[in-house]
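Visitor: Below: one structure in structure tokens.
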Amino acid sequence: MIKIYIAFWLFLFGTVFGSFLNCAAMRIVRGEDFIRGRSRCRSCGHELRAMDLIPIVSWLLSHGRCRYCKAKLSLRYPLTELVFAVALEGLFFRYGITVAFAGASCLTGCLFVLSLVDLEILEIPDGCLLTGVIAFCVTAPFTMESAKAFFLHVAAGLVTGVVMLVLSLVMDGVLQRESMGGGDIKLFALLGLWFGFTGILILTFLSCIFGLLFVSVRRRQTEPGGIFPFGPAIAAAAYVMLIFGDGLRDWYFRFL
Ligand SMILES: [Zn+2]
């Protein structure tokens, strides 16, 4: 019973936080200050009141339009709020209310923002990656079984960064164009730190599958140069690892 009670409040909290992260992502894309400043309607500039800022509910009540100028509000608002709330629920049922849950939530928040930014401008903000590193370092003393495990994760992060850099340079040479962005390489390094050597191998494999799915779905929208945002695919793979990581590791070692 208590679990359902927490899950309920966590869902509400998740929509509010999803709304905040979506707003942060949009402000990063526009190069605005994303801590200060009140929320305004993007088309008429009317300052939004508390009533307009209730996640999902406001959007439904106003039929997806601004209450002041009746401009259409993107489906992106309720969708991001819903997706983030559901993502938090997944983490809650996997970890309960623990330090590991706090760390995983923080990483998921970073992945969420960087995916939204990457989808829009094909860039992965360093701030998101740095926040992910800090979240790992803060929670590691509680989640790592030993100091040795911690240093193995640090090594995995460094090795992943170097390997991905070399791989991307080789691929650039073969393909005669940029294969993987610098942001993607740094993101892989961050996830090497979070998931360790075995984890990052599985994660890389998963992200390629997600990337291929993503490209086939968005084929018409991708630019002629074949550039597409890889960040969301990597982020999705990382989230799968957060939830099903242990099972996937078992499965991986059975095949080894
Ligand atoms: Zn408006």
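Starting from 1 in every chain, residues are counted up; chains themselves are A, B, ... following the order of the structure tokens, and ligands are numbered from 1 as listed.
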Could you list the protein, DNA and RNA residues that have any atom within 8 Å of ligand 1, counting only C-alpha atoms and all ligand atoms, and write them as a VMD selection string?
Guide: chain A and resid 40 to 46 65 to 71
Visitor: Give me the residues within 9 Å of segment 113-116 of chain A as a list in words, counting only C-alpha atoms and dropping any in the same chain fewer than 4 places off.
Guide: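 Near segment 113-116 of chain A, the qualifying residues are Leu21, Asn22, Ala24, Ala25, Met26, Thr108, Gly109, Glu120, Ile121, Glu123, Ile124, Pro125, Asp126, Cys128, Leu129, Pro229, Phe230, Gly231, Pro232, Ala233, Ile234 and Ala235 of chain A.
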Visitor: Would you kindly return, as number ranges by chain, each protein, DNA or RNA residue with an atom no farther than 8 Å from any atom of Thr204 of chain A, considering only C-alpha atoms and excluding same-chain residues fewer than 3 positions away?
Guide: A: 200-201, 207-208, 234, 237
Visitor: Could you save those same residues with C-alpha atoms as a PDB file, in the first residue's frame?
Guide:
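File written: out.pdb
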ATOM      1  CA  ILE A 200      29.319  -0.201 -21.422  1.00  0.00           C
ATOM      2  CA  LEU A 201      29.827  -3.096 -23.869  1.00  0.00           C
ATOM      3  CA  SER A 207      22.530   1.994 -28.467  1.00  0.00           C
ATOM      4  CA  CYS A 208      23.433   0.810 -31.982  1.00  0.00           C
ATOM      5  CA  ILE A 234      22.486   6.214 -26.325  1.00  0.00           C
ATOM      6  CA  ALA A 237      20.157   2.330 -23.988  1.00  0.00           C
TER       7      ALA A 237
END
Visitor: Let me make sure I understand: among A:Leu169, A:Ile185, A:Ile243, A:Leu190, which one has the smallest atom-to-atom distance to Ala135 of chain A if we use only C-alpha atoms?
Guide: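 Answer, going by the shortest atom-to-atom distance: A:Leu190.
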Visitor: What separation in Å, quoted to one decimal, exists between atom CA of Ser146 of chain A and atom CA of Arg249 of chain A?
Guide: 18.8 Å
Visitor: Between A:Phe228, A:Phe142, A:Phe8, A:Trp194, single out the one closest to Gly181 of chain A, counting only C-alpha atoms.
Guide: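 Counting only C-alpha atoms, the residue closest to Gly181 of chain A is A:Phe228.
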Visitor: Rank nothing, just name the residue among A:Ile97, A:Met180, A:Ile202, A:Leu248 nearest to Ser168 of chain A, using only C-alpha atoms.
Guide: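 Between A:Ile97, A:Met180, A:Ile202, A:Leu248, the residue approaching Ser168 of chain A most closely is A:Met180.
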Visitor: If you run DSSP on this backbone, which residues of segment 27-243 of chain A come out as helix (DSSP H, G or I), and could you give them as a PyMOL selection string?
Guide: chain A and resi 27-29+50-53+57-61+76-95+99-121+126-143+147-175+182-217+231-243
Visitor: Could you list, as a ChimeraX atom specification, every residue within 12 Å of Ala189 of chain A, counting only C-alpha atoms and ignoring same-chain residues fewer than 6 positions away?
Guide: /A:129-130,132-133,153-165,182-183,195-197,199-201,203-204,234
Visitor: Dump N, CA and C atoms for the selected residues as an mmCIF file, in the first residue's frame?
Guide:
data_model
loop_
_atom_site.group_PDB
_atom_site.id
_atom_site.type_symbol
_atom_site.label_atom_id
_atom_site.label_comp_id
_atom_site.auth_asym_id
_atom_site.auth_seq_id
_atom_site.Cartn_x
_atom_site.Cartn_y
_atom_site.Cartn_z
ATOM 1 N N LEU A 129 26.479 16.490 -19.051
ATOM 2 C CA LEU A 129 27.468 15.427 -18.841
ATOM 3 C C LEU A 129 28.157 15.611 -17.496
ATOM 4 N N LEU A 130 28.479 16.869 -17.195
ATOM 5 C CA LEU A 130 29.163 17.177 -15.935
ATOM 6 C C LEU A 130 28.267 16.825 -14.746
ATOM 7 N N GLY A 132 26.047 14.564 -14.691
ATOM 8 C CA GLY A 132 26.055 13.099 -14.617
ATOM 9 C C GLY A 132 27.283 12.580 -13.880
ATOM 10 N N VAL A 133 28.446 13.185 -14.137
ATOM 11 C CA VAL A 133 29.683 12.772 -13.457
ATOM 12 C C VAL A 133 29.566 13.059 -11.956
ATOM 13 N N HIS A 153 35.330 1.469 -12.407
ATOM 14 C CA HIS A 153 34.360 2.283 -13.145
ATOM 15 C C HIS A 153 35.030 3.529 -13.720
ATOM 16 N N VAL A 154 35.902 4.149 -12.907
ATOM 17 C CA VAL A 154 36.625 5.327 -13.402
ATOM 18 C C VAL A 154 37.471 4.943 -14.614
ATOM 19 N N ALA A 155 38.167 3.789 -14.501
ATOM 20 C CA ALA A 155 38.990 3.312 -15.615
ATOM 21 C C ALA A 155 38.111 3.047 -16.839
ATOM 22 N N ALA A 156 36.932 2.446 -16.608
ATOM 23 C CA ALA A 156 36.027 2.148 -17.725
ATOM 24 C C ALA A 156 35.608 3.429 -18.441
ATOM 25 N N GLY A 157 35.370 4.496 -17.661
ATOM 26 C CA GLY A 157 35.004 5.777 -18.262
ATOM 27 C C GLY A 157 36.116 6.310 -19.155
ATOM 28 N N LEU A 158 37.361 6.272 -18.640
ATOM 29 C CA LEU A 158 38.503 6.792 -19.395
ATOM 30 C C LEU A 158 38.759 5.958 -20.651
ATOM 31 N N VAL A 159 38.778 4.619 -20.465
ATOM 32 C CA VAL A 159 39.050 3.728 -21.609
ATOM 33 C C VAL A 159 37.965 3.907 -22.687
ATOM 34 N N THR A 160 36.705 3.988 -22.243
ATOM 35 C CA THR A 160 35.602 4.159 -23.196
ATOM 36 C C THR A 160 35.797 5.428 -24.017
ATOM 37 N N GLY A 161 36.149 6.525 -23.331
ATOM 38 C CA GLY A 161 36.366 7.789 -24.030
ATOM 39 C C GLY A 161 37.442 7.652 -25.095
ATOM 40 N N VAL A 162 38.580 7.029 -24.718
ATOM 41 C CA VAL A 162 39.704 6.901 -25.665
ATOM 42 C C VAL A 162 39.322 5.981 -26.829
ATOM 43 N N VAL A 163 38.710 4.823 -26.507
ATOM 44 C CA VAL A 163 38.344 3.864 -27.559
ATOM 45 C C VAL A 163 37.358 4.490 -28.548
ATOM 46 N N MET A 164 36.361 5.206 -28.020
ATOM 47 C CA MET A 164 35.357 5.826 -28.896
ATOM 48 C C MET A 164 35.976 6.912 -29.765
ATOM 49 N N LEU A 165 36.932 7.651 -29.174
ATOM 50 C CA LEU A 165 37.602 8.704 -29.936
ATOM 51 C C LEU A 165 38.372 8.094 -31.100
ATOM 52 N N GLY A 182 31.576 14.852 -31.079
ATOM 53 C CA GLY A 182 32.365 14.885 -29.849
ATOM 54 C C GLY A 182 31.500 14.674 -28.624
ATOM 55 N N GLY A 183 30.248 15.196 -28.681
ATOM 56 C CA GLY A 183 29.315 15.036 -27.569
ATOM 57 C C GLY A 183 28.974 13.574 -27.330
ATOM 58 N N PHE A 195 28.513 2.567 -15.777
ATOM 59 C CA PHE A 195 28.135 1.155 -15.920
ATOM 60 C C PHE A 195 29.315 0.192 -15.933
ATOM 61 N N GLY A 196 30.548 0.699 -15.932
ATOM 62 C CA GLY A 196 31.705 -0.180 -15.889
ATOM 63 C C GLY A 196 31.951 -0.869 -17.231
ATOM 64 N N PHE A 197 32.974 -1.727 -17.257
ATOM 65 C CA PHE A 197 33.422 -2.321 -18.531
ATOM 66 C C PHE A 197 32.363 -3.201 -19.195
ATOM 67 N N GLY A 199 29.138 -3.346 -18.522
ATOM 68 C CA GLY A 199 27.941 -2.556 -18.769
ATOM 69 C C GLY A 199 28.038 -1.736 -20.052
ATOM 70 N N ILE A 200 29.208 -1.097 -20.264
ATOM 71 C CA ILE A 200 29.319 -0.201 -21.422
ATOM 72 C C ILE A 200 29.342 -1.005 -22.725
ATOM 73 N N LEU A 201 29.856 -2.244 -22.663
ATOM 74 C CA LEU A 201 29.827 -3.096 -23.869
ATOM 75 C C LEU A 201 28.393 -3.379 -24.284
ATOM 76 N N LEU A 203 25.757 -1.741 -23.327
ATOM 77 C CA LEU A 203 25.095 -0.468 -23.623
ATOM 78 C C LEU A 203 25.396 0.000 -25.056
ATOM 79 N N THR A 204 26.660 -0.146 -25.474
ATOM 80 C CA THR A 204 27.033 0.277 -26.821
ATOM 81 C C THR A 204 26.260 -0.521 -27.867
ATOM 82 N N ILE A 234 21.556 6.583 -27.404
ATOM 83 C CA ILE A 234 22.486 6.214 -26.325
ATOM 84 C C ILE A 234 21.781 6.359 -24.974
#
